[in-house]
$ cat model-v3.txt   # compact mmCIF, C-alpha atoms
# COMPACT_ATOMS: atom_id res chain seq x y z
CA MET A 1 -3.24 52.05 -46.81
CA ALA A 2 -2.47 48.35 -47.15
CA THR A 3 0.68 47.34 -48.98
CA ALA A 4 1.63 44.02 -50.47
CA SER A 5 4.08 41.92 -48.52
CA HIS A 6 7.21 40.84 -50.36
CA SER A 7 8.46 38.51 -47.65
CA THR A 8 9.77 35.18 -48.89
CA GLY A 9 9.15 33.55 -45.54
CA ALA A 10 12.85 32.86 -45.09
CA ARG A 11 14.22 33.60 -41.66
CA LYS A 12 16.82 36.35 -41.59
CA THR A 13 20.04 35.38 -39.88
CA ARG A 14 23.17 37.29 -39.10
CA SER A 15 26.64 36.66 -37.73
CA ARG A 16 29.02 38.88 -35.82
CA ARG A 17 32.37 39.86 -37.27
CA ILE A 18 34.97 39.19 -34.60
CA GLY A 19 38.02 38.71 -36.78
CA CYS A 20 38.17 34.94 -36.36
CA PRO A 21 41.01 33.58 -38.57
CA PHE A 22 39.25 30.27 -39.22
CA LYS A 23 38.83 29.71 -42.92
CA ALA A 24 37.40 26.78 -44.83
CA GLY A 25 35.81 26.06 -48.14
CA ILE A 26 34.30 23.29 -50.19
CA ARG A 27 35.38 22.20 -53.64
CA PHE A 28 33.92 19.78 -56.11
CA TYR A 29 36.47 17.36 -57.58
CA LYS A 30 35.36 16.09 -60.96
CA THR A 31 37.95 13.32 -60.84
CA PHE A 32 36.35 11.78 -57.77
CA GLY A 33 32.85 13.08 -58.41
CA GLU A 34 32.49 14.43 -54.88
CA TRP A 35 32.58 17.56 -52.76
CA ARG A 36 35.37 17.94 -50.22
CA LEU A 37 35.84 20.26 -47.28
CA ILE A 38 39.16 22.10 -47.28
CA VAL A 39 40.27 23.84 -44.08
CA HIS A 40 42.73 26.63 -44.85
CA ASP A 41 43.17 27.89 -41.27
CA PRO A 42 41.84 25.77 -38.36
CA SER A 43 42.56 28.33 -35.62
CA HIS A 44 39.91 30.35 -33.76
CA ASN A 45 40.09 33.44 -31.56
CA HIS A 46 37.10 32.42 -29.41
CA GLY A 47 35.79 29.50 -27.43
CA GLY A 48 33.20 27.01 -28.55
CA ALA A 49 29.48 27.62 -28.27
CA SER A 50 27.96 26.74 -24.91
CA ALA A 51 25.67 23.73 -24.78
CA SER A 52 22.79 25.96 -23.64
CA SER A 53 22.99 27.90 -26.90
CA LEU A 54 22.26 24.76 -28.91
CA PRO A 55 18.55 23.81 -28.93
CA SER A 56 19.30 20.16 -29.73
CA PHE A 57 21.43 19.84 -26.57
CA ARG A 58 18.73 21.46 -24.44
CA ARG A 59 16.02 19.22 -25.89
CA ALA A 60 18.09 16.12 -25.18
CA ALA A 61 18.77 17.21 -21.59
CA LEU A 62 15.12 18.11 -21.08
CA LYS A 63 14.12 14.66 -22.30
CA ARG A 64 16.51 12.98 -19.86
CA HIS A 65 15.18 14.98 -16.91
CA HIS A 66 11.54 15.11 -18.03
CA ASN A 67 10.09 12.99 -15.22
CA GLN A 68 12.09 14.77 -12.53
CA ILE A 69 11.12 18.22 -13.80
CA ALA A 70 7.47 17.23 -14.24
CA ALA A 71 7.40 15.99 -10.63
CA MET A 72 8.83 19.29 -9.36
CA LEU A 73 6.33 21.25 -11.43
CA HIS A 74 3.57 19.10 -9.93
CA GLN A 75 4.81 20.28 -6.51
CA SER A 76 4.39 23.89 -7.76
CA LEU A 77 8.11 24.67 -7.68
CA PRO A 78 8.85 27.75 -9.81
CA PRO A 79 10.99 27.19 -12.93
CA ARG A 80 13.95 29.20 -11.62
CA GLN A 81 14.05 27.11 -8.48
CA ILE A 82 13.96 23.97 -10.60
CA ILE A 83 16.90 25.32 -12.60
CA SER A 84 18.80 25.90 -9.35
CA ILE A 85 18.22 22.28 -8.36
CA LEU A 86 19.31 20.99 -11.78
CA GLU A 87 22.42 23.18 -11.72
CA PHE A 88 23.26 21.89 -8.24
CA GLN A 89 23.04 18.34 -9.58
CA ASP A 90 24.91 19.19 -12.79
CA PRO A 91 26.64 22.59 -13.04
CA ASN A 92 26.97 22.10 -16.81
CA THR A 93 23.30 21.46 -17.52
CA PRO A 94 22.23 23.23 -20.74
CA ILE A 95 18.60 23.56 -19.62
CA ARG A 96 17.36 27.13 -19.26
CA ALA A 97 14.48 28.55 -17.25
CA ARG A 98 12.62 29.23 -20.50
CA ASP A 99 12.75 25.49 -21.28
CA ILE A 100 11.03 24.80 -17.95
CA TYR A 101 8.36 27.42 -18.64
CA ASN A 102 7.72 25.87 -22.06
CA LEU A 103 7.50 22.36 -20.59
CA ARG A 104 5.06 23.55 -17.94
CA HIS A 105 2.92 25.11 -20.64
CA ARG A 106 2.91 21.87 -22.65
CA LEU A 107 1.99 19.85 -19.57
CA ASP A 108 -0.84 22.26 -18.78
CA LEU A 109 -2.13 21.98 -22.33
CA GLY A 110 -1.99 18.21 -22.10
CA LEU A 111 -3.98 18.31 -18.87
CA LEU A 112 -6.59 20.69 -20.24
CA GLY A 113 -6.84 19.18 -23.72
CA ASP A 114 -8.72 21.64 -25.92
CA ARG A 115 -10.31 23.38 -22.94
CA THR A 116 -9.48 26.74 -21.42
CA PRO A 117 -8.53 26.80 -17.71
CA VAL A 118 -12.03 27.99 -16.82
CA GLU A 119 -13.59 25.20 -18.90
CA GLY A 120 -11.28 22.73 -17.18
CA LEU A 121 -12.45 23.96 -13.77
CA ILE A 122 -16.09 23.70 -14.80
CA THR A 123 -15.48 20.15 -16.03
CA ALA A 124 -13.84 19.22 -12.71
CA LEU A 125 -16.77 20.69 -10.80
CA SER A 126 -19.22 18.79 -12.99
CA GLU A 127 -17.34 15.53 -12.46
CA ASN A 128 -17.32 16.06 -8.70
CA ASP A 129 -21.04 16.81 -8.79
CA ALA A 130 -21.67 13.62 -10.79
CA ARG A 131 -19.82 11.63 -8.12
CA ASN A 132 -21.72 13.50 -5.40
CA GLN A 133 -18.47 15.10 -4.26
CA PRO A 134 -18.92 18.84 -3.64
CA PHE A 135 -16.10 21.20 -4.48
CA PHE A 136 -15.94 24.52 -2.65
CA ILE A 137 -13.87 27.57 -3.51
CA GLY A 138 -13.76 30.66 -1.31
CA PHE A 139 -11.87 33.93 -1.16
CA GLY A 140 -11.23 36.27 1.74
CA PHE A 141 -9.76 39.76 1.57
CA ILE A 142 -8.08 41.31 4.60
CA SER A 143 -6.15 44.55 5.04
CA ASP A 144 -3.27 43.05 7.01
CA LYS A 145 -1.79 39.78 8.22
CA ARG A 146 -2.56 40.10 11.90
CA GLU A 147 -3.99 37.18 13.84
CA ALA A 148 -7.22 39.08 14.52
CA SER A 149 -7.78 39.58 10.79
CA TYR A 150 -7.19 35.92 10.05
CA ARG A 151 -9.56 34.92 12.85
CA PHE A 152 -12.26 37.17 11.41
CA ILE A 153 -12.03 35.35 8.07
CA LEU A 154 -11.76 31.86 9.56
CA GLU A 155 -14.63 32.38 11.99
CA GLY A 156 -16.81 33.40 9.04
CA LEU A 157 -15.67 30.29 7.19
CA ALA A 158 -16.38 28.11 10.22
CA GLU A 159 -19.89 29.56 10.42
CA LEU A 160 -20.42 28.77 6.74
CA TYR A 161 -19.24 25.19 7.30
CA THR A 162 -21.81 24.84 10.08
CA ARG A 163 -24.64 26.26 7.97
CA LEU A 164 -23.81 23.89 5.12
CA GLY A 165 -23.52 20.93 7.45
CA LEU A 166 -19.88 20.36 6.57
CA PRO A 167 -17.33 18.79 8.93
CA SER A 168 -14.57 21.02 10.21
CA PRO A 169 -11.39 20.97 8.12
CA LEU A 170 -8.75 18.47 9.13
CA THR A 171 -5.79 20.33 7.65
CA VAL A 172 -4.76 23.93 7.04
CA LEU A 173 -1.93 24.66 4.61
CA THR A 174 0.15 27.75 5.37
CA GLU A 175 3.43 29.39 4.39
CA LYS A 176 4.56 29.18 8.01
CA ASP A 177 2.65 32.33 8.87
CA GLU A 178 2.51 32.33 12.68
CA SER A 179 -0.54 34.60 12.78
CA LEU A 180 -2.49 32.31 10.45
CA ILE A 181 -1.34 29.23 12.36
CA ASN A 182 -2.50 30.69 15.69
CA ALA A 183 -5.82 31.83 14.20
CA SER A 184 -6.45 28.43 12.62
CA GLN A 185 -5.80 26.58 15.86
CA ALA A 186 -7.97 29.04 17.78
CA VAL A 187 -10.95 28.53 15.45
CA TRP A 188 -10.38 24.78 14.91
CA PRO A 189 -8.37 23.43 17.87
CA GLN A 190 -8.20 19.95 16.32
CA VAL A 191 -6.87 21.10 12.95
CA LYS A 192 -3.47 19.94 11.71
CA VAL A 193 -1.34 22.77 10.33
CA VAL A 194 1.11 21.86 7.57
CA HIS A 195 3.59 24.06 5.75
CA CYS A 196 3.79 24.69 2.01
CA ILE A 197 6.45 22.46 0.41
CA THR A 198 7.39 25.25 -1.99
CA ARG A 199 8.27 27.57 0.89
CA ILE A 200 10.20 24.80 2.64
CA ASN A 201 12.24 24.14 -0.50
CA LYS A 202 12.96 27.84 -0.86
CA GLU A 203 14.16 28.03 2.73
CA ILE A 204 16.43 25.02 2.21
CA LEU A 205 17.99 26.57 -0.89
CA LYS A 206 18.34 29.92 0.87
CA TYR A 207 20.22 28.64 3.90
CA ALA A 208 22.01 25.63 2.40
CA LYS A 209 24.35 27.68 0.20
$ encode --input "model-v3.txt" --output "structure tokens"
Amino acid sequence: MATASHSTGARKTRSRRIGCPFKAGIRFYKTFGEWRLIVHDPSHNHGGASASSLPSFRRAALKRHHNQIAAMLHQSLPPRQIISILEFQDPNTPIRARDIYNLRHRLDLGLLGDRTPVEGLITALSENDARNQPFFIGFGFISDKREASYRFILEGLAELYTRLGLPSPLTVLTEKDESLINASQAVWPQVKVVHCITRINKEILKYAK
């Protein structure tokens, strides 16, 4: 059974009672025609709020580092790794990982416009087709990461390249997987193997502590 909502739309807030002795009040003075703040006890039994707990501080910091963060997101660095880099540069940075996730979402929305990711992909494919630039996407599923398994996939891909009249790939991007590197060079001896920048950055952070 549906019931009527009596919500006023006001956000409910609460505060914790920690026995802080600070006490202040405001009083209107008719003589001066103004309100005045009167502090009865200025002492506190706790420290000040951290900068990261204040949204305005985080927004300001995010604005200052926007270009740097956007560049790292463009390199596919995960938000928590970006936070580690920012904290290394400034241990007192108020930016949180959630701020990075939100920024990434806004950047993605700006890139897609009003389109869904699938619609964005279809648009990219259509634009490539209009410029006579084919765009190929393929998937391969293997049960393990042995060199023989990688060679099985890559040999099938090489055969497909030949059937479509495509030139052999010039570059293979890996996460420094030796089995994949060996398989790639066995199937395409001339190929240049490069390592994923995200993995390299992770390794640097891991061993540079």
$ residues_around --input "model-v3.txt" --residues "stretch 70-82 of chain A" --least-positions-apart "2" --cutoff "9 Å" --atoms "only C-alpha atoms" --output "list of chain:residue names"
A:His65, A:His66, A:Asn67, A:Gln68, A:Ser84, A:Ile85, A:Leu86, A:Glu87, A:Arg96, A:Ala97, A:Arg98, A:Asp99, A:Ile100, A:Tyr101, A:Leu103, A:Arg104, A:Leu107, A:Ile197, A:Thr198, A:Asn201, A:Lys202, A:Leu205
$ residues_around --input "model-v3.txt" --residues "A:Pro189" --least-positions-apart "3" --cutoff "12 Å" --atoms "all atoms listed in the file" --output "list in words"
Ser168, Pro169, Leu170, Thr171, Val172, Ile181, Asn182, Ala183, Ser184, Gln185, Ala186, Lys192 and Val193 of chain A
$ axis_aligned_box --input "model-v3.txt" --around "stretch 114-117 of chain A" --padding-each-side "4 Å" --output "JSON"
{"center_x": -9.4, "center_y": 24.2, "center_z": -21.8, "size_x": 9.8, "size_y": 13.2, "size_z": 16.2}
$ atom_distance --input "model-v3.txt" --atom1 "atom CA of A:Leu109" --atom2 "atom CA of A:Cys196"
25.2 Å
$ atom_distance --input "model-v3.txt" --atom1 "atom CA of A:Asn45" --atom2 "atom CA of A:Gly19"
7.7 Å
$ atom_distance --input "model-v3.txt" --atom1 "atom CA of A:Asp108" --atom2 "atom CA of A:Pro55"
21.9 Å
$ closest_residue --input "model-v3.txt" --among "A:Asn92, A:Gln190, A:Asn102, A:Ser43" --to "A:Ile69" --atoms "all atoms listed in the file"
A:Asn102
$ closest_residue --input "model-v3.txt" --among "A:Arg163, A:His105, A:Ile95, A:Phe57" --to "A:Pro117" --atoms "only C-alpha atoms"
A:His105
$ closest_residue --input "model-v3.txt" --among "A:Val194, A:Ser179, A:Gly110, A:Pro21" --to "A:Lys145" --atoms "all atoms listed in the file"
A:Ser179
$ closest_residue --input "model-v3.txt" --among "A:Arg64, A:Arg27, A:Thr162, A:Ile200" --to "A:Glu175" --atoms "all atoms listed in the file"
A:Ile200
